[in-house]
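*Asks:* If it helps, the file is called query17.csv and holds CSV, C-alpha atoms:
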```csv
chain,number,residue,atom,x,y,z
A,1,MET,CA,-31.1,-123.4,-48.4
A,2,ALA,CA,-34.7,-124.1,-49.4
A,3,PHE,CA,-37.0,-121.3,-48.2
A,4,ILE,CA,-40.7,-121.3,-48.0
A,5,ARG,CA,-42.7,-118.1,-47.7
A,6,ILE,CA,-45.0,-117.4,-44.8
A,7,PRO,CA,-48.1,-115.6,-46.0
A,8,GLY,CA,-48.3,-112.3,-44.1
A,9,GLY,CA,-45.1,-113.1,-42.1
A,10,VAL,CA,-44.7,-113.7,-38.4
A,11,TRP,CA,-43.4,-111.1,-35.9
A,12,VAL,CA,-40.8,-112.3,-33.4
A,13,PRO,CA,-40.4,-112.1,-30.5
A,14,ASN,CA,-44.1,-112.3,-29.6
A,15,LEU,CA,-46.0,-109.0,-30.0
A,16,PRO,CA,-47.2,-108.0,-26.5
A,17,PRO,CA,-51.0,-107.7,-26.0
A,18,VAL,CA,-50.5,-103.9,-25.9
A,19,TRP,CA,-49.6,-103.8,-29.6
A,20,GLY,CA,-51.1,-100.6,-30.9
A,21,SER,CA,-51.1,-98.8,-27.6
A,22,VAL,CA,-49.6,-95.3,-27.7
A,23,ALA,CA,-47.3,-96.2,-24.7
A,24,ALA,CA,-46.5,-99.7,-26.1
A,25,ILE,CA,-44.6,-101.9,-23.6
A,26,THR,CA,-44.7,-99.2,-20.9
A,27,SER,CA,-48.4,-99.6,-20.4
A,28,THR,CA,-48.9,-101.2,-16.9
A,29,THR,CA,-51.4,-100.7,-14.2
A,30,GLU,CA,-52.2,-101.7,-10.7
A,31,ASN,CA,-56.0,-101.4,-10.8
A,32,LEU,CA,-56.5,-104.9,-9.4
A,33,LEU,CA,-56.1,-104.8,-5.6
A,34,VAL,CA,-57.5,-106.5,-2.5
A,35,ASP,CA,-58.0,-104.4,0.6
A,36,ALA,CA,-60.8,-106.1,2.5
A,37,ASP,CA,-61.6,-109.4,4.1
A,38,GLU,CA,-62.4,-112.2,1.6
A,39,GLU,CA,-61.6,-110.2,-1.5
A,40,GLU,CA,-59.9,-112.2,-4.3
A,41,ILE,CA,-58.3,-111.7,-7.7
A,42,GLN,CA,-58.5,-114.5,-10.2
A,43,PHE,CA,-56.5,-114.7,-13.4
A,44,PHE,CA,-57.7,-117.3,-16.0
A,45,GLY,CA,-56.0,-118.7,-19.0
A,46,HIS,CA,-54.7,-121.7,-20.9
A,47,VAL,CA,-51.4,-122.8,-19.6
A,48,TYR,CA,-48.5,-122.8,-22.0
A,49,LEU,CA,-45.6,-125.1,-21.0
A,50,ALA,CA,-42.1,-124.0,-21.9
A,51,ALA,CA,-41.6,-127.3,-23.7
A,52,GLY,CA,-44.7,-126.6,-25.9
A,53,SER,CA,-46.3,-129.9,-25.0
A,54,GLY,CA,-46.5,-132.6,-22.4
A,55,SER,CA,-47.5,-132.5,-18.7
A,56,LYS,CA,-46.0,-131.2,-15.4
A,57,THR,CA,-46.7,-131.5,-11.7
A,58,PHE,CA,-47.7,-128.4,-9.9
A,59,GLY,CA,-47.3,-129.2,-6.2
A,60,THR,CA,-45.3,-128.5,-3.1
A,61,SER,CA,-41.9,-129.7,-4.1
A,62,GLY,CA,-40.5,-126.7,-5.9
A,63,SER,CA,-43.6,-125.2,-7.6
A,64,LYS,CA,-43.9,-121.4,-7.4
A,65,VAL,CA,-46.1,-118.5,-8.6
A,66,GLY,CA,-44.0,-115.6,-9.8
A,67,TRP,CA,-45.8,-112.2,-9.8
A,68,LEU,CA,-45.2,-108.5,-9.6
A,69,PRO,CA,-46.7,-106.4,-6.8
A,70,GLY,CA,-47.9,-102.9,-7.5
A,71,THR,CA,-47.3,-99.8,-5.4
A,72,PRO,CA,-47.9,-98.9,-2.6
A,73,VAL,CA,-48.5,-102.0,-0.6
A,74,THR,CA,-49.6,-102.1,3.0
A,75,PHE,CA,-49.3,-105.6,4.5
A,76,ALA,CA,-49.1,-105.9,8.3
A,77,ALA,CA,-50.1,-108.2,11.1
A,78,ASN,CA,-53.7,-109.6,11.1
A,79,SER,CA,-53.7,-110.2,7.4
A,80,THR,CA,-53.0,-113.3,5.2
A,81,LEU,CA,-52.6,-113.4,1.5
A,82,ARG,CA,-53.1,-116.8,-0.1
A,83,VAL,CA,-51.3,-117.2,-3.4
A,84,GLY,CA,-51.9,-120.2,-5.6
A,85,VAL,CA,-53.8,-122.1,-8.2
A,86,LYS,CA,-57.3,-123.4,-8.7
A,87,LYS,CA,-57.7,-126.0,-11.4
A,88,LEU,CA,-60.4,-126.4,-14.0
A,89,ALA,CA,-62.8,-128.3,-11.7
A,90,THR,CA,-63.3,-125.2,-9.6
A,91,ILE,CA,-64.0,-122.9,-12.6
A,92,ASP,CA,-67.5,-122.1,-13.5
A,93,VAL,CA,-67.8,-122.6,-17.3
A,94,THR,CA,-71.5,-121.6,-17.5
A,95,THR,CA,-71.8,-118.3,-15.5
A,96,GLY,CA,-70.4,-115.0,-16.6
A,97,PRO,CA,-68.8,-112.9,-17.9
A,98,PRO,CA,-66.8,-112.1,-16.0
A,99,PRO,CA,-65.2,-115.5,-15.6
A,100,ARG,CA,-65.1,-117.0,-12.1
A,101,ALA,CA,-63.7,-119.8,-10.1
A,102,THR,CA,-65.0,-121.0,-6.7
A,103,ILE,CA,-64.2,-118.2,-4.3
A,104,GLY,CA,-62.5,-118.5,-0.9
A,105,ALA,CA,-59.3,-119.7,0.5
A,106,ALA,CA,-60.6,-123.3,0.9
A,107,ALA,CA,-61.0,-123.6,-2.9
A,108,PHE,CA,-57.3,-123.4,-3.7
A,109,ASP,CA,-55.7,-126.7,-4.9
A,110,VAL,CA,-52.1,-125.7,-4.2
A,111,TYR,CA,-51.1,-122.5,-2.4
A,112,ASP,CA,-48.8,-120.6,-0.1
A,113,ASP,CA,-49.9,-118.3,2.7
A,114,LEU,CA,-48.1,-115.0,3.1
A,115,VAL,CA,-48.6,-113.8,6.7
A,116,GLY,CA,-48.6,-110.1,7.5
A,117,GLY,CA,-46.0,-109.1,10.0
A,118,THR,CA,-44.0,-112.2,9.2
A,119,ASP,CA,-43.8,-112.1,5.4
A,120,THR,CA,-43.0,-108.9,3.5
A,121,ILE,CA,-44.5,-107.9,0.1
A,122,THR,CA,-42.2,-105.3,-1.5
A,123,ALA,CA,-43.9,-102.9,-4.0
A,124,SER,CA,-42.7,-103.1,-7.6
A,125,THR,CA,-40.4,-106.0,-6.9
A,126,TRP,CA,-40.8,-109.3,-8.6
A,127,ARG,CA,-41.3,-112.2,-6.2
A,128,GLU,CA,-41.5,-116.0,-6.4
A,129,ASP,CA,-43.8,-117.6,-3.8
A,130,ALA,CA,-43.0,-121.3,-3.2
A,131,MET,CA,-46.1,-123.4,-2.8
A,132,SER,CA,-46.3,-125.0,0.7
A,133,ALA,CA,-49.7,-126.7,1.0
A,134,GLY,CA,-52.5,-128.4,-1.0
A,135,THR,CA,-52.7,-131.5,-3.2
A,136,PRO,CA,-50.3,-131.6,-6.1
A,137,PHE,CA,-51.9,-132.1,-9.5
A,138,THR,CA,-50.9,-132.6,-13.2
A,139,VAL,CA,-51.0,-129.7,-15.6
A,140,THR,CA,-51.1,-130.6,-19.3
A,141,HIS,CA,-50.1,-128.1,-22.0
A,142,GLY,CA,-53.3,-126.1,-22.8
A,143,ASP,CA,-55.2,-126.8,-19.6
A,144,VAL,CA,-57.3,-124.0,-18.1
A,145,LEU,CA,-56.1,-122.7,-14.7
A,146,ALA,CA,-57.0,-119.9,-12.4
A,147,ILE,CA,-54.1,-118.2,-10.6
A,148,CYS,CA,-55.6,-116.5,-7.6
A,149,PHE,CA,-54.8,-114.1,-4.7
A,150,HIS,CA,-57.1,-114.2,-1.7
A,151,LEU,CA,-57.0,-111.8,1.3
A,152,ASP,CA,-58.1,-112.7,4.8
A,153,THR,CA,-57.9,-109.9,7.4
A,154,THR,CA,-59.3,-109.3,10.9
A,155,SER,CA,-58.2,-105.7,11.4
A,156,GLY,CA,-56.2,-102.9,10.0
A,157,SER,CA,-56.2,-101.5,6.5
A,158,PRO,CA,-54.2,-103.9,4.2
A,159,VAL,CA,-53.7,-103.1,0.6
A,160,VAL,CA,-52.1,-105.6,-1.8
A,161,ARG,CA,-51.8,-104.5,-5.5
A,162,ILE,CA,-51.1,-106.8,-8.4
A,163,ARG,CA,-49.3,-105.2,-11.4
A,164,THR,CA,-50.8,-106.1,-14.8
A,165,HIS,CA,-50.8,-104.8,-18.4
A,166,ASN,CA,-53.5,-102.3,-19.1
A,167,ASN,CA,-54.7,-103.3,-22.6
A,168,ALA,CA,-58.5,-103.5,-22.4
A,169,GLN,CA,-58.1,-107.2,-23.0
A,170,ILE,CA,-61.0,-109.0,-21.4
A,171,SER,CA,-61.2,-112.4,-23.0
A,172,ASN,CA,-58.2,-114.8,-22.6
A,173,PRO,CA,-56.2,-114.5,-20.5
A,174,ALA,CA,-58.8,-112.9,-18.3
A,175,SER,CA,-59.0,-111.4,-14.9
A,176,THR,CA,-61.8,-111.0,-12.3
A,177,LEU,CA,-61.9,-109.0,-9.1
A,178,ILE,CA,-64.2,-110.3,-6.4
A,179,THR,CA,-65.4,-108.0,-3.6
A,180,SER,CA,-68.1,-108.3,-1.0
A,181,GLY,CA,-71.5,-109.6,-2.1
A,182,PRO,CA,-69.9,-111.3,-3.9
A,183,THR,CA,-69.5,-108.8,-6.7
A,184,TYR,CA,-67.6,-109.9,-9.8
A,185,SER,CA,-65.8,-107.2,-11.8
A,186,THR,CA,-64.0,-107.8,-15.1
A,187,GLY,CA,-60.4,-106.5,-15.1
A,188,SER,CA,-59.5,-105.1,-18.6
A,189,VAL,CA,-56.0,-106.2,-18.1
A,190,SER,CA,-53.7,-109.1,-18.8
A,191,PRO,CA,-51.6,-110.7,-16.0
A,192,ILE,CA,-47.8,-110.7,-15.4
A,193,LEU,CA,-47.4,-114.2,-14.0
A,194,VAL,CA,-45.0,-117.1,-14.3
A,195,LEU,CA,-45.5,-120.6,-13.0
A,196,THR,CA,-42.6,-122.9,-11.9
A,197,PHE,CA,-43.4,-126.6,-11.7
A,198,ASP,CA,-41.9,-129.2,-9.4
A,199,ASP,CA,-39.2,-130.1,-11.9
A,200,GLY,CA,-38.1,-126.5,-12.2
A,201,SER,CA,-39.5,-125.9,-15.7
A,202,LEU,CA,-41.7,-122.9,-16.5
A,203,GLY,CA,-45.2,-122.2,-17.7
A,204,TRP,CA,-47.4,-119.2,-18.2
A,205,LEU,CA,-50.9,-118.2,-19.2
A,206,GLY,CA,-50.9,-118.0,-23.0
A,207,GLY,CA,-51.1,-114.4,-24.2
A,208,THR,CA,-49.4,-112.8,-21.2
A,209,PHE,CA,-46.4,-110.6,-21.4
A,210,VAL,CA,-43.9,-111.0,-18.6
A,211,GLN,CA,-41.7,-108.3,-17.1
A,212,SER,CA,-40.4,-107.3,-13.7
A,213,SER,CA,-39.7,-103.6,-14.5
A,214,LEU,CA,-40.0,-101.1,-17.4
A,215,SER,CA,-38.0,-98.0,-18.2
A,216,SER,CA,-36.1,-96.3,-21.0
A,217,GLU,CA,-32.5,-95.1,-21.8
A,218,THR,CA,-31.2,-92.3,-23.9
A,219,ILE,CA,-29.2,-94.0,-26.7
A,220,GLY,CA,-26.6,-91.2,-27.2
A,221,ASP,CA,-25.1,-89.7,-30.3
A,222,THR,CA,-23.4,-92.3,-32.5
A,223,ASN,CA,-24.4,-95.1,-30.1
A,224,LEU,CA,-26.7,-98.1,-31.0
A,225,TYR,CA,-29.2,-99.7,-28.7
A,226,GLY,CA,-31.0,-102.9,-29.5
A,227,ASN,CA,-31.3,-106.7,-29.1
A,228,ILE,CA,-28.8,-109.3,-29.8
A,229,VAL,CA,-30.7,-112.0,-31.8
A,230,ARG,CA,-29.6,-115.6,-32.6
A,231,MET,CA,-32.1,-117.7,-34.5
A,232,PRO,CA,-32.0,-121.6,-34.5
A,233,PHE,CA,-32.8,-121.7,-38.2
A,234,ALA,CA,-32.2,-119.7,-41.3
A,235,CYS,CA,-34.9,-117.2,-42.2
A,236,LYS,CA,-35.6,-114.1,-44.2
A,237,VAL,CA,-36.8,-110.8,-42.7
A,238,ASP,CA,-38.9,-108.1,-44.5
A,239,ALA,CA,-39.9,-105.7,-41.7
A,240,ILE,CA,-38.9,-104.3,-38.4
A,241,ALA,CA,-40.6,-102.5,-35.5
A,242,CYS,CA,-39.6,-100.9,-32.2
A,243,THR,CA,-40.8,-98.6,-29.4
A,244,ILE,CA,-38.8,-95.4,-29.1
A,245,GLN,CA,-39.2,-91.9,-27.7
A,246,SER,CA,-37.7,-88.8,-29.3
A,247,ALA,CA,-37.3,-85.3,-27.9
A,248,GLY,CA,-38.2,-84.0,-31.3
A,249,SER,CA,-37.0,-84.2,-34.9
A,250,ALA,CA,-34.2,-86.7,-34.9
A,251,ASP,CA,-32.3,-88.6,-37.5
A,252,MET,CA,-31.7,-92.3,-36.8
A,253,ASP,CA,-31.0,-95.6,-38.4
A,254,PHE,CA,-32.8,-98.7,-37.5
A,255,GLY,CA,-32.2,-102.3,-38.5
A,256,PHE,CA,-29.8,-105.3,-38.5
A,257,TYR,CA,-26.1,-105.3,-37.8
A,258,SER,CA,-23.8,-108.2,-38.3
A,259,SER,CA,-20.9,-109.2,-36.0
A,260,PRO,CA,-22.4,-107.3,-33.1
A,261,LEU,CA,-20.0,-108.8,-30.5
A,262,GLY,CA,-17.0,-107.9,-32.7
A,263,THR,CA,-17.1,-105.0,-35.2
A,264,PRO,CA,-20.8,-104.2,-35.9
A,265,ALA,CA,-21.6,-103.5,-39.5
A,266,ALA,CA,-25.0,-102.4,-40.9
A,267,MET,CA,-26.4,-105.1,-43.2
A,268,SER,CA,-27.1,-104.2,-46.8
A,269,GLY,CA,-30.8,-103.8,-47.2
A,270,GLY,CA,-31.3,-104.5,-43.5
A,271,THR,CA,-31.2,-101.0,-42.1
A,272,VAL,CA,-33.4,-98.0,-42.9
A,273,ALA,CA,-32.7,-94.3,-42.3
A,274,ILE,CA,-35.5,-92.5,-40.4
A,275,ASP,CA,-36.5,-88.9,-39.8
A,276,PRO,CA,-39.7,-89.4,-38.0
A,277,HIS,CA,-40.3,-86.0,-36.3
A,278,LEU,CA,-41.6,-87.8,-33.3
A,279,THR,CA,-43.1,-86.1,-30.3
A,280,GLY,CA,-41.8,-86.6,-26.8
A,281,THR,CA,-44.3,-89.5,-26.3
A,282,ALA,CA,-43.3,-93.2,-26.6
A,283,ARG,CA,-44.5,-94.5,-30.0
A,284,TRP,CA,-44.5,-97.7,-32.0
A,285,MET,CA,-42.5,-97.4,-35.2
A,286,VAL,CA,-42.9,-100.0,-38.0
A,287,ARG,CA,-40.9,-100.0,-41.2
A,288,PRO,CA,-40.6,-102.4,-44.1
A,289,LEU,CA,-37.1,-103.2,-45.3
A,290,THR,CA,-36.2,-102.1,-48.8
A,291,GLU,CA,-35.4,-105.8,-49.5
A,292,GLU,CA,-35.5,-109.1,-47.7
A,293,ILE,CA,-32.4,-110.0,-45.7
A,294,THR,CA,-31.3,-113.5,-44.7
A,295,LEU,CA,-30.4,-114.4,-41.1
A,296,ALA,CA,-28.1,-117.4,-40.8
A,297,PRO,CA,-28.8,-120.0,-38.1
A,298,ALA,CA,-26.8,-119.9,-34.8
A,299,THR,CA,-25.4,-116.5,-35.7
A,300,ASP,CA,-25.5,-113.4,-33.7
A,301,TYR,CA,-27.1,-110.2,-35.1
A,302,ALA,CA,-28.2,-106.9,-33.5
A,303,LEU,CA,-31.5,-105.3,-34.3
A,304,ALA,CA,-30.8,-101.8,-33.1
A,305,VAL,CA,-31.5,-98.1,-33.3
A,306,LYS,CA,-28.6,-95.7,-34.0
A,307,GLN,CA,-28.8,-92.1,-32.8
A,308,ASN,CA,-27.3,-89.9,-35.4
A,309,SER,CA,-27.7,-86.5,-33.8
A,310,ALA,CA,-27.5,-84.8,-30.4
A,311,THR,CA,-31.3,-84.8,-30.2
A,312,ALA,CA,-32.2,-87.4,-27.6
A,313,ILE,CA,-33.7,-90.7,-28.6
A,314,SER,CA,-34.8,-93.1,-25.8
A,315,ALA,CA,-35.0,-96.8,-26.2
A,316,LEU,CA,-37.9,-98.4,-24.2
A,317,TRP,CA,-36.9,-101.6,-22.5
A,318,TYR,CA,-38.2,-104.1,-20.0
A,319,ASN,CA,-36.4,-106.4,-17.4
A,320,VAL,CA,-37.3,-109.9,-16.3
A,321,ASP,CA,-36.3,-111.4,-13.0
A,322,SER,CA,-34.7,-114.4,-14.7
A,323,ALA,CA,-33.5,-114.7,-18.3
A,324,SER,CA,-35.6,-117.9,-18.5
A,325,HIS,CA,-38.7,-115.8,-18.2
A,326,LEU,CA,-38.0,-114.3,-21.7
A,327,GLN,CA,-39.4,-117.6,-23.0
A,328,ALA,CA,-42.9,-116.3,-22.2
A,329,ASN,CA,-42.4,-113.4,-24.6
A,330,GLY,CA,-41.0,-115.4,-27.5
A,331,LEU,CA,-37.5,-116.6,-28.2
A,332,ASP,CA,-35.4,-117.1,-25.1
A,333,SER,CA,-32.1,-115.9,-23.6
A,334,THR,CA,-30.6,-115.7,-27.1
A,335,CYS,CA,-32.5,-112.4,-27.5
A,336,TYR,CA,-31.4,-109.8,-25.1
A,337,ALA,CA,-30.7,-106.0,-24.9
A,338,ALA,CA,-27.3,-104.7,-25.7
A,339,LYS,CA,-25.6,-101.4,-26.4
A,340,SER,CA,-22.8,-100.3,-28.7
A,341,THR,CA,-20.9,-97.1,-27.8
A,342,ALA,CA,-19.6,-95.1,-30.7
A,343,GLY,CA,-19.9,-98.2,-33.0
A,344,GLY,CA,-17.9,-100.5,-30.8
A,345,ALA,CA,-18.8,-104.1,-29.8
A,346,PHE,CA,-22.3,-104.5,-28.2
A,347,ALA,CA,-22.3,-105.0,-24.5
A,348,SER,CA,-25.1,-106.9,-22.8
A,349,GLN,CA,-27.5,-104.9,-20.6
A,350,ASN,CA,-28.6,-106.1,-17.1
A,351,SER,CA,-26.7,-109.4,-17.5
A,352,GLY,CA,-29.0,-110.7,-20.3
A,353,LYS,CA,-32.2,-110.1,-18.4
A,354,ARG,CA,-33.3,-107.1,-20.4
A,355,ARG,CA,-34.9,-106.6,-23.8
A,356,PHE,CA,-35.3,-103.5,-25.9
A,357,GLY,CA,-38.8,-103.2,-27.4
A,358,ALA,CA,-37.9,-104.3,-30.9
A,359,TRP,CA,-39.4,-106.9,-33.2
A,360,PHE,CA,-38.8,-108.3,-36.7
A,361,ARG,CA,-41.1,-110.0,-39.2
A,362,ILE,CA,-40.0,-113.3,-40.6
A,363,SER,CA,-41.2,-113.6,-44.2
A,364,GLN,CA,-39.6,-117.0,-45.2
A,365,ILE,CA,-38.0,-119.9,-43.3
A,366,ASP,CA,-35.5,-122.5,-44.4
A,367,THR,CA,-37.2,-125.8,-44.6
A,368,GLY,CA,-33.9,-127.7,-44.9
A,369,LYS,CA,-35.5,-129.7,-47.8
A,370,PRO,CA,-34.0,-129.1,-51.3
A,371,GLY,CA,-36.5,-128.2,-54.0
A,372,ILE,CA,-39.0,-126.3,-51.8
A,373,VAL,CA,-39.2,-122.7,-53.0
A,374,GLY,CA,-41.5,-120.1,-51.4
A,375,GLY,CA,-40.9,-117.1,-53.6
```
What would you get if you wrote out this structure as structure tokens?
*Replies:*
Amino acid sequence: MAFIRIPGGVWVPNLPPVWGSVAAITSTTENLLVDADEEEIQFFGHVYLAAGSGSKTFGTSGSKVGWLPGTPVTFAANSTLRVGVKKLATIDVTTGPPPRATIGAAAFDVYDDLVGGTDTITASTWREDAMSAGTPFTVTHGDVLAICFHLDTTSGSPVVRIRTHNNAQISNPASTLITSGPTYSTGSVSPILVLTFDDGSLGWLGGTFVQSSLSSETIGDTNLYGNIVRMPFACKVDAIACTIQSAGSADMDFGFYSSPLGTPAAMSGGTVAIDPHLTGTARWMVRPLTEEITLAPATDYALAVKQNSATAISALWYNVDSASHLQANGLDSTCYAAKSTAGGAFASQNSGKRRFGAWFRISQIDTGKPGIVGG
């Protein structure tokens, strides 16, 4: 192998925008809502295609907007929620902040109408709305789009909430709430959205963090909880991080285990013993390894926390509606939550559609070119 060092290293999977928040990946909010006629929520960002390059068609032959409603939701007859996309031509690049696209239902390029009394919006339940009207258009990797939600109502008291991540992020991706006036208000949040294109491939606004639900699970004495990780190339790792919650002083091990689907074994230099004396609040925990370890390509490892006492330690995790959505958060379906009971083989959690909040820092990668040495 021929390794080259990455100055400063790279954390994988992607660190969510809430990095540094006390509550870490559990920080979500529903402070963006439409509850009056002509109100609109607009999310802006540069589109990242799953392929990392190229162009796709967003139209009415399979394209969808995936999003997570908040709670509670009141959506009855006499109201219509238009869900869809406005392309760059509708976005005002000179006025603001906050950012803004042309408001109103007529400004959508491609959309679907959800009709109260006919369509149901279920609170806290991921949904995929298939686009049914508008003029298809080409989206190129890196294009700026506005993903929008527009409410029309003639009577009643509708309330539609959009779940987001509350991270005080106001630049890119960005969000704007438009109320009567019109009044434009910046939402200090980042969206939880996924685009499906006509060919079935995915895209998202760069910098988002996608999930359909969040919770935690007590690991249990002598058990391990973590992520199965399989890298496509050889690499070296020098640090690890996770989000955990402890009921008090608790001893634990955290790090890499080999043969996770057979007989798991702590990797030499890849695990650290921890006595953090944590409070009962969810916290980030970052630890350097005592030495770099090497992960072989196309090989399963587990990055996991082992509970070494009866004092409860909770692993914070998130679900996605489809394992393919994990791409938006870095890596793909080869990184998923799994649990080992009493040191036995790890078992996948939620059919591979869950991730434990754990990350590792790649310090060197194998270039595959003999003679290149990075230190």
*Asks:* Report the closest atom pair, with its distance in Å rounded to one decimal, for each residue of segment 169-244 of chain A that has an atom no farther than 8 Å from segment 95-110 of chain A; count only C-alpha atoms, sort by chain and then rising residue number, and write it as a tab-separated table.
*Replies:*
```
residue	atom	partner	partner_atom	distance
A:Ala174	CA	A:Pro99	CA	7.4
A:Ser175	CA	A:Pro99	CA	7.5
A:Thr176	CA	A:Pro98	CA	6.3
A:Tyr184	CA	A:Pro98	CA	6.6
A:Ser185	CA	A:Pro98	CA	6.5
A:Thr186	CA	A:Pro98	CA	5.2
```
*Asks:* Would you mind listing what lies within 9 Å of Gly357 of chain A as a list of chain:residue names, with only C-alpha atoms counted and same-chain residues fewer than 3 positions away left out?
*Replies:*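 My reading of the contact set: A:Ala24, A:Ile25, A:Gly226, A:Asn227, A:Ala241, A:Cys242, A:Thr243, A:Ile244, A:Ala315, A:Leu316, A:Trp317, A:Tyr318, A:Ala337.
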*Asks:* May I have the residues from that selection written out with C-alpha atoms, as an mmCIF file, in the frame of the given file?
*Replies:*
```cif
data_model
loop_
_atom_site.group_PDB
_atom_site.id
_atom_site.type_symbol
_atom_site.label_atom_id
_atom_site.label_comp_id
_atom_site.auth_asym_id
_atom_site.auth_seq_id
_atom_site.Cartn_x
_atom_site.Cartn_y
_atom_site.Cartn_z
ATOM 1 C CA ALA A 24 -46.500 -99.700 -26.100
ATOM 2 C CA ILE A 25 -44.600 -101.900 -23.600
ATOM 3 C CA GLY A 226 -31.000 -102.900 -29.500
ATOM 4 C CA ASN A 227 -31.300 -106.700 -29.100
ATOM 5 C CA ALA A 241 -40.600 -102.500 -35.500
ATOM 6 C CA CYS A 242 -39.600 -100.900 -32.200
ATOM 7 C CA THR A 243 -40.800 -98.600 -29.400
ATOM 8 C CA ILE A 244 -38.800 -95.400 -29.100
ATOM 9 C CA ALA A 315 -35.000 -96.800 -26.200
ATOM 10 C CA LEU A 316 -37.900 -98.400 -24.200
ATOM 11 C CA TRP A 317 -36.900 -101.600 -22.500
ATOM 12 C CA TYR A 318 -38.200 -104.100 -20.000
ATOM 13 C CA ALA A 337 -30.700 -106.000 -24.900
#
```
*Asks:* Which residue is closest to Leu289 of chain A? Choose from A:Phe3, A:Phe209, A:Phe360, A:Trp126 and count all atoms listed in the file.
*Replies:*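 Under the stated criterion, the closest residue is A:Phe360.
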*Asks:* Measuring atom to atom with only C-alpha atoms, identify which of A:Thr183, A:Gln42, A:Ser212, A:Ser155 is nearest to Ala123 of chain A.
*Replies:*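 Closest residue, counting only C-alpha atoms: A:Ser212.
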*Asks:* What residues have an atom no more than 8 Å from (-38.2, -104.5, -43.5) in the file's own frame, counting all atoms listed in the file, and can you write them as number ranges by chain?
*Replies:* A: 237-240, 270-271, 287-292, 360-361
*Asks:* Provide the atom CA of Pro72 of chain A to atom CA of Asp113 of chain A distance in Å, to one decimal place.
*Replies:*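 Separating atom CA of Pro72 of chain A from atom CA of Asp113 of chain A is a distance of 20.2 Å.
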*Asks:* Contacts of Arg161 of chain A at 8 Å or less, counting only C-alpha atoms, minus same-chain residues fewer than 4 places along, as a PyMOL selection string?
*Replies:* chain A and resi 30-34+69-73
*Asks:* Which residue gives the smallest distance to Gln307 of chain A among A:Phe256, A:Ala266, A:Ser340, A:Asp221, with only C-alpha atoms counted?
*Replies:*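 Of A:Phe256, A:Ala266, A:Ser340, A:Asp221, the one nearest Gln307 of chain A, counting only C-alpha atoms, is A:Asp221.
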*Asks:* Which of these, A:Arg354, A:Pro232, A:Ile219, A:Ile293, has the shortest distance to Thr311 of chain A once you count all atoms listed in the file?
*Replies:*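 Closest candidate: A:Ile219.
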*Asks:* I'd like the contact shell of Tyr336 of chain A - 7 Å cut-off, all atoms listed in the file, skipping same-chain residues fewer than 2 positions apart - returned as a ChimeraX atom specification.
*Replies:* /A:227-228,333-334,338,352-355
*Asks:* Using only C-alpha atoms, determine which residues lie at most 8 Å from segment 197-201 of chain A, disregarding the query and same-chain residues fewer than 4 positions distant; provide the list as a count of residues only.
*Replies:* 10
*Asks:* Any idea what the distance is between atom CA of Thr29 of chain A and atom CA of Gly181 of chain A?
*Replies:*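 The value is 25.1 Å.
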*Asks:* Measuring atom to atom with only C-alpha atoms, identify which of A:Gly52, A:Gly8, A:Gly344, A:Pro260 is nearest to Gln327 of chain A.
*Replies:*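 Answer, going by the shortest atom-to-atom distance: A:Gly52.
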*Asks:* Dig up all the protein and nucleic acid residues within 6 Å of (-58.7, -118.2, -16.1) in the file frame, using all atoms listed in the file, and format them as an mmCIF file with C-alpha atoms, in the frame of the given file.
*Replies:*
```
data_model
loop_
_atom_site.group_PDB
_atom_site.id
_atom_site.type_symbol
_atom_site.label_atom_id
_atom_site.label_comp_id
_atom_site.auth_asym_id
_atom_site.auth_seq_id
_atom_site.Cartn_x
_atom_site.Cartn_y
_atom_site.Cartn_z
ATOM 1 C CA PHE A 43 -56.500 -114.700 -13.400
ATOM 2 C CA PHE A 44 -57.700 -117.300 -16.000
ATOM 3 C CA GLY A 45 -56.000 -118.700 -19.000
ATOM 4 C CA LEU A 145 -56.100 -122.700 -14.700
ATOM 5 C CA ALA A 146 -57.000 -119.900 -12.400
ATOM 6 C CA ALA A 174 -58.800 -112.900 -18.300
#
```
